[in-house]
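The structure under discussion appears below in the form of structure tokens.
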Amino acid sequence: MKRGGWWMLVILAAVMVAVTTPNASFAQQKKLVLWTHWEQNPDFNKWYESKGKEFAKKSGYEVEVVTIPYQGYEAKYLAGFMAKSSAPDMFMGMTHQWCGQYDFCDKMPADLAKIYDENLPKYMVEVGKWKGARYGIPIEHGNFQQMYINVDMFKKAGLNPDDPPKTFDSWLAAMKKLTIADAKGGEPTQVGFAIRSKGHPVGITDKFLPFAHAWGARMLSPDLDKATGYANSPQMVAALTFFGDLVNKDKVASLAFGNPEDAFGQKRAAVIFRESWFFGWVKKNAPDVNFKVYALPCEKACPGAGALFPWTDLVYKNSPNKQVAWEFMRFISNPKDDLEHHQLQGILPVWTVNLDTPYVKSRPDYQSTKDMLAQPVPPTYFHPKSNELATAFGDAVVGVLFGKGQPKPLLDEAAAKMDRILKD
Amino acid sequence: MRQWLRIAFPRNYLDRRKRAGFLFVLPALLFFGSVFILPLAQSIMYSFYKIAPGGAKEFVGLRLYEKVFTDPTFWTAVQNTLQLLLFSVPTTVVLALAVALGLNRISNLKWRNVWASMYFLPFATSLVAAALIWQWIYDPVYGFLNYALSFVGIPPQKWLQSLFQVRPAIAAVSVWVRIGFDIMIFLAALQSIPEEYYEAANIDGANAVQRLRYITLPMLNPQIIMVCILELIFNFKMFDQVYATTQGGPAGESQTIIMLLYDTAFKYFRFGDASVMAVFVFITLMTVTLLQWRIFRKPIEF
């Protein structure tokens with residue numbers, strides 16, 4: 001018993017030491033670990049690994065991609081970064097969040113940063129930067145919503161799919177024609193517009209912003225320091241009234257349809273506003289949907305190319321392999337790889353030189369992307385507290401959709417809350 | 001101190017036994033301490049600090065408490081949580097008791113176990129998986145529930161996408177998941193009640209309701225209190241079902257306090273505010289549990 005007791009103490013002590021000692025990084029020797037939450041783009045993610053095999057021939061380091069489910073990815077990222085020992089070497093995220101609100105990113109080497117500054121489309125140059133310094137590589141051109149229409153449903157409703165609505169007035173008229181009401185008075189069997197009403201308010205804000213920008217509104221002041229007067233401006237109230245009416249008055253969108261992408265893919269909705277990656281998603285998940293892509297309709301303004309989620313590839317500041325991680329980034333930073341990588345998943349490449357390649361030209365969103373880029377760049381909200389601000393704003397949007405209140409008082413409440421967040 | 005020294009350096013058989021006992025409970029103590037006590041202490045400490053990006057802390061006293069307790073979003077989440085509690089706790093306890101009473105009457109042990117296992121199965125299911133199954137059942141367009149209701153002429157309902165139905169709908173998932181566990185507790189307790197009490201009551205001419213009122217329920221008092229406390233804690237901490245199905249929607253109608261805590265900590269990175277909420281949850285549950293224990297628990301003598 002005596003000896004057994006001491007052995008037990010020794011084992012326990014060993015376990016404690018093993019548990020508490022900062023271990024070697026999760027990113028083991030000879031392996032770079034990349035975390036991504038782009039679970040909808042598995043081929044895009046896998047490409048890093050295949051490229052990593054080539055990279056290993058010259059550096060000895062392979063690449064392992066870990067896909068973190070989007071729902072709750074922030075918690076996982078944060079836990080990894082704070083613990084350090086289980087953090088990745090590279091990760092996909094928003095620069096203003098992980099490098100701005102938190103200081104988890106390594107600054108990009110100047111020569112590589114120069115390459116990106118010189119080779120990105122103008123509207124994307126600021127993506128991946130925080131306070132003027134470049135940290136991240138933008139990974140998605142066309143990261144702004146465009147109008148996907150179901151050609152067959154347009155034809156069936158007596159609409160010309162080659163002449164899409166250019167203004168929101170004509171767009172609403174088309175949506176009404178595309179909606180098929182339920183004979184028993186229930187939910188429509190088919191709707192014009194696949195609206196986003198489920199999930200976290202941040203995503204709902206993202207989907208509403210093109211409407212806000214079309215009405216000439218903006219969520220925050222240009223210096224991103226004030227919400228009152230912007231988030232609750234008369235233009236914003238008008239935009240939100242129009243948006244809420246789609247569900248509650250005009251009934252061309254339904255809250256019962258759940259996920260808007262599924263509704264479009266299942267031919268229950270004729271129109272959806274989504275980004276360039278959606279082209280690849282439809283081709284893969286709903287190949288029988290005959291669709292075309294157009295620039296978004298305009299109202300007072302045309303909602304141009306802007307994004308609430310500027311995704312980038314970043315390098316973790318405390319990674320023991322950060323130099324090698326940058327070497328890998330440098331290894332894949334060329335027009336050929338950019339095209340190959342994005343083409344694999346049906347996403348638009350980011351290098352300017354690739355924007356007129358046969359692949360891009362053959363895409364149904366080639367012209368619409370050009371049309372969107374021809375418009376003035378809409379407001380961007382790359383604020384470190386963008387999640388919290390967008391949640392406060394999204395609460396008002398979703399409140400209107402679900403008939404919890406009128407746009408003006410809900411937006412007033414949201415603006416006051418956003419100001420409190422900004423001041424705090 | 002001397003006792004600890006004797007445990008560390010035993011001088012006789014009894015000391016060695018004590019040390020062995022201590023070593024056996026040590027892993028559990030270490031686990032409990034590192035997983036529960038330390039985070040709790042850390043949460044209490046963080047609730048007095050504003051934690052800046054990068055980890056720098058600034059002592060702010062009770063300012064975060066004032067901030068959280070004056071935020072309407074927080075009280076809406078508390079209200080939602082309480083409503084979910086009101087829907088699910090009494091329903092779970094009453095239904096579990098009724099089912100346990102029924103199962104207790106099945107004299108064939110084999111069949112009783114089969115039925116009990118069937119009720120217990122949902123408890124063994126992951127909460128997220130259960131929530132996803134129910135999300136499909138509740139789907140307004142393709143869901144099984146609306147399909148079944150259509151046979152009795154009830155029009156399709158929006159369930160998880162309705163401001164008014166979302167909380168009862170989520171509460172139903174909790175009831176479905178938890179009822180099996182409560183049934184097991186009640187069934188075990190019912191089987192331990194001496195049969196002589198019922199025989200005596202029968203001789204005195206007591207009917208079934210009187211036997212339930214004057215024998216079964218008083219004898220089950222400790223289990224009823226325990227189940228009520230467990231259900232209260234489980235439902236107050238409700239997160240998985242909400243997170244997997246509605247993420248607090250529609251329009252914040254199902255946002256529970258733990259859901260808000262999670263968002264505050266991991267989506268908005270406000271650990272101080274989230275710690276205040278954690279302290280609130282801890283104190284509330286502790287107080288309610290102690291009150292329940294003190295007020296409703298009655299000693300039982302066999």
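Labels used: A, B, ... for chains in the order of the structure tokens, numbers from 1 for residues in each chain, and numbers from 1 for ligands as shown.
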Per-residue nearest contacts chain B to chain A, cut-off 7 Å, using only C-alpha atoms, as a tab-separated table:
residue	atom	partner	partner_atom	distance
B:Ala20	CA	A:Gly5	CA	6.4
B:Pro53	CA	A:Tyr102	CA	5.0
B:Gly54	CA	A:Tyr102	CA	5.4
B:Pro140	CA	A:Ala256	CA	5.8
B:Val141	CA	A:Phe257	CA	6.9
B:Lys158	CA	A:Ala256	CA	6.3
B:Gln161	CA	A:Ala256	CA	6.6
B:Thr246	CA	A:Gly199	CA	6.2
B:Gln247	CA	A:Gly199	CA	5.6
B:Gly249	CA	A:Gly199	CA	6.7
B:Pro250	CA	A:Lys198	CA	6.8
B:Ala251	CA	A:Gly399	CA	5.2
B:Phe266	CA	A:Ala75	CA	4.8
B:Lys267	CA	A:Glu74	CA	6.1
B:Tyr268	CA	A:Glu388	CA	5.5
Generate a file of the selected residues that holds N, CA and C atoms, formatted as an mmCIF file, in the first residue's frame.
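The result, stored in out23.cif:
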data_model
loop_
_atom_site.group_PDB
_atom_site.id
_atom_site.type_symbol
_atom_site.label_atom_id
_atom_site.label_comp_id
_atom_site.auth_asym_id
_atom_site.auth_seq_id
_atom_site.Cartn_x
_atom_site.Cartn_y
_atom_site.Cartn_z
ATOM 1 N N ALA B 20 -4.450 6.756 1.564
ATOM 2 C CA ALA B 20 -4.975 6.069 0.380
ATOM 3 C C ALA B 20 -6.317 6.686 -0.026
ATOM 4 N N PRO B 53 -8.502 44.531 -25.683
ATOM 5 C CA PRO B 53 -7.950 43.652 -26.712
ATOM 6 C C PRO B 53 -6.472 43.380 -26.442
ATOM 7 N N GLY B 54 -6.111 42.141 -26.556
ATOM 8 C CA GLY B 54 -4.729 41.792 -26.272
ATOM 9 C C GLY B 54 -4.559 41.233 -24.872
ATOM 10 N N PRO B 140 -41.364 24.458 -41.290
ATOM 11 C CA PRO B 140 -42.717 24.860 -41.683
ATOM 12 C C PRO B 140 -43.169 24.283 -43.026
ATOM 13 N N VAL B 141 -42.219 24.040 -43.927
ATOM 14 C CA VAL B 141 -42.604 23.560 -45.259
ATOM 15 C C VAL B 141 -42.497 22.040 -45.365
ATOM 16 N N LYS B 158 -45.541 27.895 -38.037
ATOM 17 C CA LYS B 158 -44.144 28.285 -38.301
ATOM 18 C C LYS B 158 -43.182 27.768 -37.239
ATOM 19 N N GLN B 161 -39.874 29.445 -36.333
ATOM 20 C CA GLN B 161 -39.792 30.746 -36.992
ATOM 21 C C GLN B 161 -40.960 31.649 -36.617
ATOM 22 N N THR B 246 -32.080 27.899 -33.519
ATOM 23 C CA THR B 246 -32.519 29.272 -33.842
ATOM 24 C C THR B 246 -31.440 30.324 -33.668
ATOM 25 N N GLN B 247 -30.368 29.977 -32.991
ATOM 26 C CA GLN B 247 -29.320 30.948 -32.638
ATOM 27 C C GLN B 247 -29.902 32.183 -31.952
ATOM 28 N N GLY B 249 -32.922 33.398 -32.378
ATOM 29 C CA GLY B 249 -33.999 34.021 -33.139
ATOM 30 C C GLY B 249 -35.321 33.311 -32.941
ATOM 31 N N PRO B 250 -36.370 33.672 -33.604
ATOM 32 C CA PRO B 250 -36.433 34.852 -34.470
ATOM 33 C C PRO B 250 -36.540 36.125 -33.647
ATOM 34 N N ALA B 251 -35.825 37.122 -34.099
ATOM 35 C CA ALA B 251 -35.848 38.450 -33.484
ATOM 36 C C ALA B 251 -35.542 38.378 -31.989
ATOM 37 N N PHE B 266 -17.572 35.337 -26.903
ATOM 38 C CA PHE B 266 -16.829 34.804 -28.045
ATOM 39 C C PHE B 266 -17.146 35.448 -29.390
ATOM 40 N N LYS B 267 -18.232 36.206 -29.452
ATOM 41 C CA LYS B 267 -18.504 36.901 -30.708
ATOM 42 C C LYS B 267 -18.104 38.366 -30.591
ATOM 43 N N TYR B 268 -18.362 38.934 -29.394
ATOM 44 C CA TYR B 268 -18.022 40.353 -29.210
ATOM 45 C C TYR B 268 -16.756 40.518 -28.374
#
- Task: Give me the residues within 12 Å of stretch 248-250 of chain A as a VMD selection string, counting only C-alpha atoms and dropping any in the same chain fewer than 3 places off.
- Result: chain A and resid 172 to 179 181 187 to 188 191 to 193 240 to 245 253 to 255 399 to 406
- Task: Using DSSP on the backbone coordinates, identify all residues within stretch 39-171 of chain B classified as alpha helix (DSSP H); present the result as number ranges by chain.
- Result: B: 39-46, 63-69, 72-105, 109-124, 127-138, 144-150, 166-171
Using only C-alpha atoms, which residues sit within 12 Å of B:Gln292 once same-chain residues fewer than 4 positions away are excluded, as a CSV table (one decimal) with N, CA and C atoms, in the first residue's frame?
chain,number,residue,atom,x,y,z
B,221,ASN,N,-40.7,12.8,-2.1
B,221,ASN,CA,-40.3,14.2,-1.9
B,221,ASN,C,-38.9,14.5,-2.2
B,222,PRO,N,-37.9,13.7,-1.7
B,222,PRO,CA,-36.5,14.0,-2.0
B,222,PRO,C,-36.2,13.9,-3.5
B,224,ILE,N,-38.4,14.3,-6.0
B,224,ILE,CA,-39.0,15.4,-6.7
B,224,ILE,C,-38.2,16.6,-6.5
B,225,ILE,N,-37.8,16.9,-5.4
B,225,ILE,CA,-37.0,18.1,-5.1
B,225,ILE,C,-35.7,18.1,-6.0
B,226,MET,N,-35.0,16.9,-5.9
B,226,MET,CA,-33.8,16.8,-6.7
B,226,MET,C,-34.0,16.9,-8.2
B,227,VAL,N,-35.1,16.3,-8.7
B,227,VAL,CA,-35.4,16.4,-10.1
B,227,VAL,C,-35.7,17.8,-10.5
B,228,CYS,N,-36.5,18.5,-9.6
B,228,CYS,CA,-36.8,19.9,-9.9
B,228,CYS,C,-35.6,20.8,-9.9
B,229,ILE,N,-34.7,20.5,-9.0
B,229,ILE,CA,-33.4,21.3,-9.0
B,229,ILE,C,-32.6,21.0,-10.2
B,230,LEU,N,-32.5,19.8,-10.6
B,230,LEU,CA,-31.7,19.4,-11.8
B,230,LEU,C,-32.3,20.0,-13.0
B,232,LEU,N,-34.2,22.6,-13.2
B,232,LEU,CA,-34.1,24.0,-13.2
B,232,LEU,C,-32.7,24.4,-13.6
B,285,LEU,N,-28.8,30.5,-9.6
B,285,LEU,CA,-29.0,29.1,-9.4
B,285,LEU,C,-28.7,28.6,-8.0
B,286,MET,N,-27.7,29.1,-7.4
B,286,MET,CA,-27.3,28.7,-6.1
B,286,MET,C,-28.4,29.1,-5.1
B,287,THR,N,-28.9,30.3,-5.2
B,287,THR,CA,-30.0,30.8,-4.3
B,287,THR,C,-31.3,30.0,-4.5
B,288,VAL,N,-31.7,29.8,-5.7
B,288,VAL,CA,-32.9,29.1,-6.0
B,288,VAL,C,-32.8,27.7,-5.5
B,296,PHE,N,-38.8,23.1,0.5
B,296,PHE,CA,-39.7,21.9,0.1
B,296,PHE,C,-39.2,20.6,0.6
B,297,ARG,N,-38.0,20.5,1.1
B,297,ARG,CA,-37.5,19.2,1.4
B,297,ARG,C,-38.0,18.8,2.8
B,298,LYS,N,-38.6,17.6,2.9
B,298,LYS,CA,-39.1,17.1,4.2
B,298,LYS,C,-38.4,15.8,4.5
- Query: So which bits of stretch 72-198 of chain A end up strand (DSSP E or B) when you DSSP the backbone, as a ChimeraX atom specification?
  - Reply: /A:90-94,105,129-130,133-134,137-138,141,146-150,167,180,190-193
Would you put the residues from that selection into a file with C-alpha atoms, as a compact mmCIF listing (two decimals), in the first residue's frame?
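Output file selection-v4.txt is given in full below:
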# COMPACT_ATOMS: atom_id res chain seq x y z
CA MET A 90 -2.10 30.41 -40.66
CA PHE A 91 -5.79 31.15 -40.51
CA MET A 92 -8.63 32.65 -42.47
CA GLY A 93 -10.37 35.61 -40.87
CA MET A 94 -11.17 39.28 -40.96
CA CYS A 105 -1.64 38.62 -36.64
CA LYS A 129 -5.04 46.03 -43.99
CA TRP A 130 -5.29 47.45 -40.49
CA ALA A 133 -0.32 48.00 -42.65
CA ARG A 134 -1.01 44.86 -44.64
CA ILE A 137 -4.19 38.23 -48.35
CA PRO A 138 -7.71 38.81 -49.68
CA HIS A 141 -12.96 38.79 -55.33
CA GLN A 146 -25.16 40.20 -56.90
CA MET A 147 -28.54 39.20 -58.21
CA TYR A 148 -28.91 35.52 -59.15
CA ILE A 149 -32.11 34.83 -61.06
CA ASN A 150 -33.75 31.56 -62.01
CA THR A 167 -34.52 49.62 -60.25
CA ILE A 180 -47.22 32.03 -56.30
CA GLN A 190 -43.01 29.96 -54.56
CA VAL A 191 -41.57 33.34 -53.71
CA GLY A 192 -39.86 36.00 -55.76
CA PHE A 193 -37.06 36.73 -53.32
- Task: Work out how far apart atom CA of A:Lys207 and atom CA of A:His37 are and give it in Å to one decimal.
- Result: 19.2 Å
- Message: Just want the 9 Å neighbourhood of B:Met259, counted on only C-alpha atoms, with same-chain residues fewer than 2 positions away dropped. Output as JSON, numbers by chain.
- Response: {"B": [77, 237, 238, 239, 240, 242, 243, 247, 248, 255, 256, 257, 261, 262, 263, 264]}
Expected file contents, prior selection, N, CA and C atoms, as a PDB file, in the first residue's frame:
ATOM      1  N   ALA B  77     -33.128  38.420 -22.335  1.00  0.00           N
ATOM      2  CA  ALA B  77     -32.594  37.049 -22.309  1.00  0.00           C
ATOM      3  C   ALA B  77     -33.011  36.335 -21.012  1.00  0.00           C
ATOM      4  N   LYS B 237     -29.498  26.764 -17.900  1.00  0.00           N
ATOM      5  CA  LYS B 237     -28.249  26.811 -18.666  1.00  0.00           C
ATOM      6  C   LYS B 237     -28.468  26.432 -20.134  1.00  0.00           C
ATOM      7  N   MET B 238     -29.708  26.455 -20.578  1.00  0.00           N
ATOM      8  CA  MET B 238     -30.021  25.982 -21.931  1.00  0.00           C
ATOM      9  C   MET B 238     -29.196  26.729 -22.990  1.00  0.00           C
ATOM     10  N   PHE B 239     -28.538  25.983 -23.827  1.00  0.00           N
ATOM     11  CA  PHE B 239     -27.706  26.598 -24.861  1.00  0.00           C
ATOM     12  C   PHE B 239     -27.715  25.794 -26.161  1.00  0.00           C
ATOM     13  N   ASP B 240     -27.360  24.512 -26.055  1.00  0.00           N
ATOM     14  CA  ASP B 240     -27.149  23.695 -27.263  1.00  0.00           C
ATOM     15  C   ASP B 240     -28.344  23.717 -28.214  1.00  0.00           C
ATOM     16  N   VAL B 242     -30.786  25.799 -28.483  1.00  0.00           N
ATOM     17  CA  VAL B 242     -31.029  27.122 -29.076  1.00  0.00           C
ATOM     18  C   VAL B 242     -29.959  27.422 -30.118  1.00  0.00           C
ATOM     19  N   TYR B 243     -28.722  27.126 -29.755  1.00  0.00           N
ATOM     20  CA  TYR B 243     -27.605  27.425 -30.649  1.00  0.00           C
ATOM     21  C   TYR B 243     -27.736  26.647 -31.960  1.00  0.00           C
ATOM     22  N   GLN B 247     -30.368  29.977 -32.991  1.00  0.00           N
ATOM     23  CA  GLN B 247     -29.320  30.948 -32.638  1.00  0.00           C
ATOM     24  C   GLN B 247     -29.902  32.183 -31.952  1.00  0.00           C
ATOM     25  N   GLY B 248     -30.944  31.959 -31.179  1.00  0.00           N
ATOM     26  CA  GLY B 248     -31.537  33.062 -30.420  1.00  0.00           C
ATOM     27  C   GLY B 248     -32.712  33.717 -31.116  1.00  0.00           C
ATOM     28  N   GLN B 255     -33.436  33.912 -27.373  1.00  0.00           N
ATOM     29  CA  GLN B 255     -32.090  34.120 -26.856  1.00  0.00           C
ATOM     30  C   GLN B 255     -32.074  33.908 -25.339  1.00  0.00           C
ATOM     31  N   THR B 256     -31.388  32.889 -24.920  1.00  0.00           N
ATOM     32  CA  THR B 256     -31.310  32.603 -23.488  1.00  0.00           C
ATOM     33  C   THR B 256     -30.102  33.324 -22.900  1.00  0.00           C
ATOM     34  N   ILE B 257     -30.033  33.297 -21.591  1.00  0.00           N
ATOM     35  CA  ILE B 257     -28.951  34.032 -20.937  1.00  0.00           C
ATOM     36  C   ILE B 257     -27.583  33.423 -21.267  1.00  0.00           C
ATOM     37  N   LEU B 261     -24.512  35.130 -23.127  1.00  0.00           N
ATOM     38  CA  LEU B 261     -23.182  35.067 -22.499  1.00  0.00           C
ATOM     39  C   LEU B 261     -22.138  34.599 -23.522  1.00  0.00           C
ATOM     40  N   TYR B 262     -22.504  33.566 -24.271  1.00  0.00           N
ATOM     41  CA  TYR B 262     -21.592  33.019 -25.282  1.00  0.00           C
ATOM     42  C   TYR B 262     -21.262  34.074 -26.347  1.00  0.00           C
ATOM     43  N   ASP B 263     -22.305  34.715 -26.851  1.00  0.00           N
ATOM     44  CA  ASP B 263     -22.088  35.746 -27.873  1.00  0.00           C
ATOM     45  C   ASP B 263     -21.219  36.874 -27.318  1.00  0.00           C
ATOM     46  N   THR B 264     -21.531  37.284 -26.086  1.00  0.00           N
ATOM     47  CA  THR B 264     -20.793  38.399 -25.490  1.00  0.00           C
ATOM     48  C   THR B 264     -19.313  38.043 -25.345  1.00  0.00           C
TER      49      THR B 264
END
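Taking atom CA of A:Ala414 and atom CA of A:Phe393 as endpoints, the distance between them is 5.4 Å.
Interatomic distance, atom CA of A:Glu299 against atom CA of A:Ser233: 16.1 Å.
If you count only C-alpha atoms and ignore residues fewer than 3 places along the chain from B:Phe280, what sits within 12 Å of it is Leu40, Ser43, Ile44, Ser47, Tyr65, Val68, Phe69, Phe74, Trp75, Val78, Phe236, Lys237, Ile257, Ile258, Leu261, Asp273, Ala274, Ser275, Val276, Met277, Ile283, Thr284, Leu285, Met286 and Thr287 of chain B.
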File dump, residues just selected, C-alpha atoms, as a tab-separated table (two decimals), in the first residue's frame:
chain	number	residue	atom	x	y	z
B	40	LEU	CA	-15.59	30.27	-11.28
B	43	SER	CA	-15.13	34.63	-13.73
B	44	ILE	CA	-15.76	36.46	-10.47
B	47	SER	CA	-16.37	40.61	-13.69
B	65	TYR	CA	-22.42	45.05	-13.31
B	68	VAL	CA	-25.02	44.60	-17.89
B	69	PHE	CA	-27.90	45.07	-15.45
B	74	PHE	CA	-29.80	41.12	-20.86
B	75	TRP	CA	-33.20	41.28	-19.20
B	78	VAL	CA	-33.41	36.48	-18.62
B	236	PHE	CA	-31.48	27.72	-16.92
B	237	LYS	CA	-28.25	26.81	-18.67
B	257	ILE	CA	-28.95	34.03	-20.94
B	258	ILE	CA	-26.24	31.47	-21.72
B	261	LEU	CA	-23.18	35.07	-22.50
B	273	ASP	CA	-19.45	41.57	-19.40
B	274	ALA	CA	-19.76	37.83	-19.97
B	275	SER	CA	-18.25	37.17	-16.55
B	276	VAL	CA	-20.90	39.37	-14.94
B	277	MET	CA	-23.55	37.22	-16.62
B	283	ILE	CA	-25.74	33.24	-7.79
B	284	THR	CA	-29.28	32.83	-9.13
B	285	LEU	CA	-29.00	29.06	-9.41
B	286	MET	CA	-27.32	28.73	-6.05
B	287	THR	CA	-29.99	30.84	-4.34
- Task: Tell me which protein, DNA and RNA residues are within 8 Å of stretch 358-361 of chain A, counting only C-alpha atoms, leaving out same-chain ones fewer than 4 positions away, and put them as a PyMOL selection string.
- Result: chain A and resi 343+348+354+366
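Using only C-alpha atoms, the smallest distance between any of B:Ser174, B:Ser34, B:Gln223, B:Asn207 and B:Val89 comes from B:Ser174.
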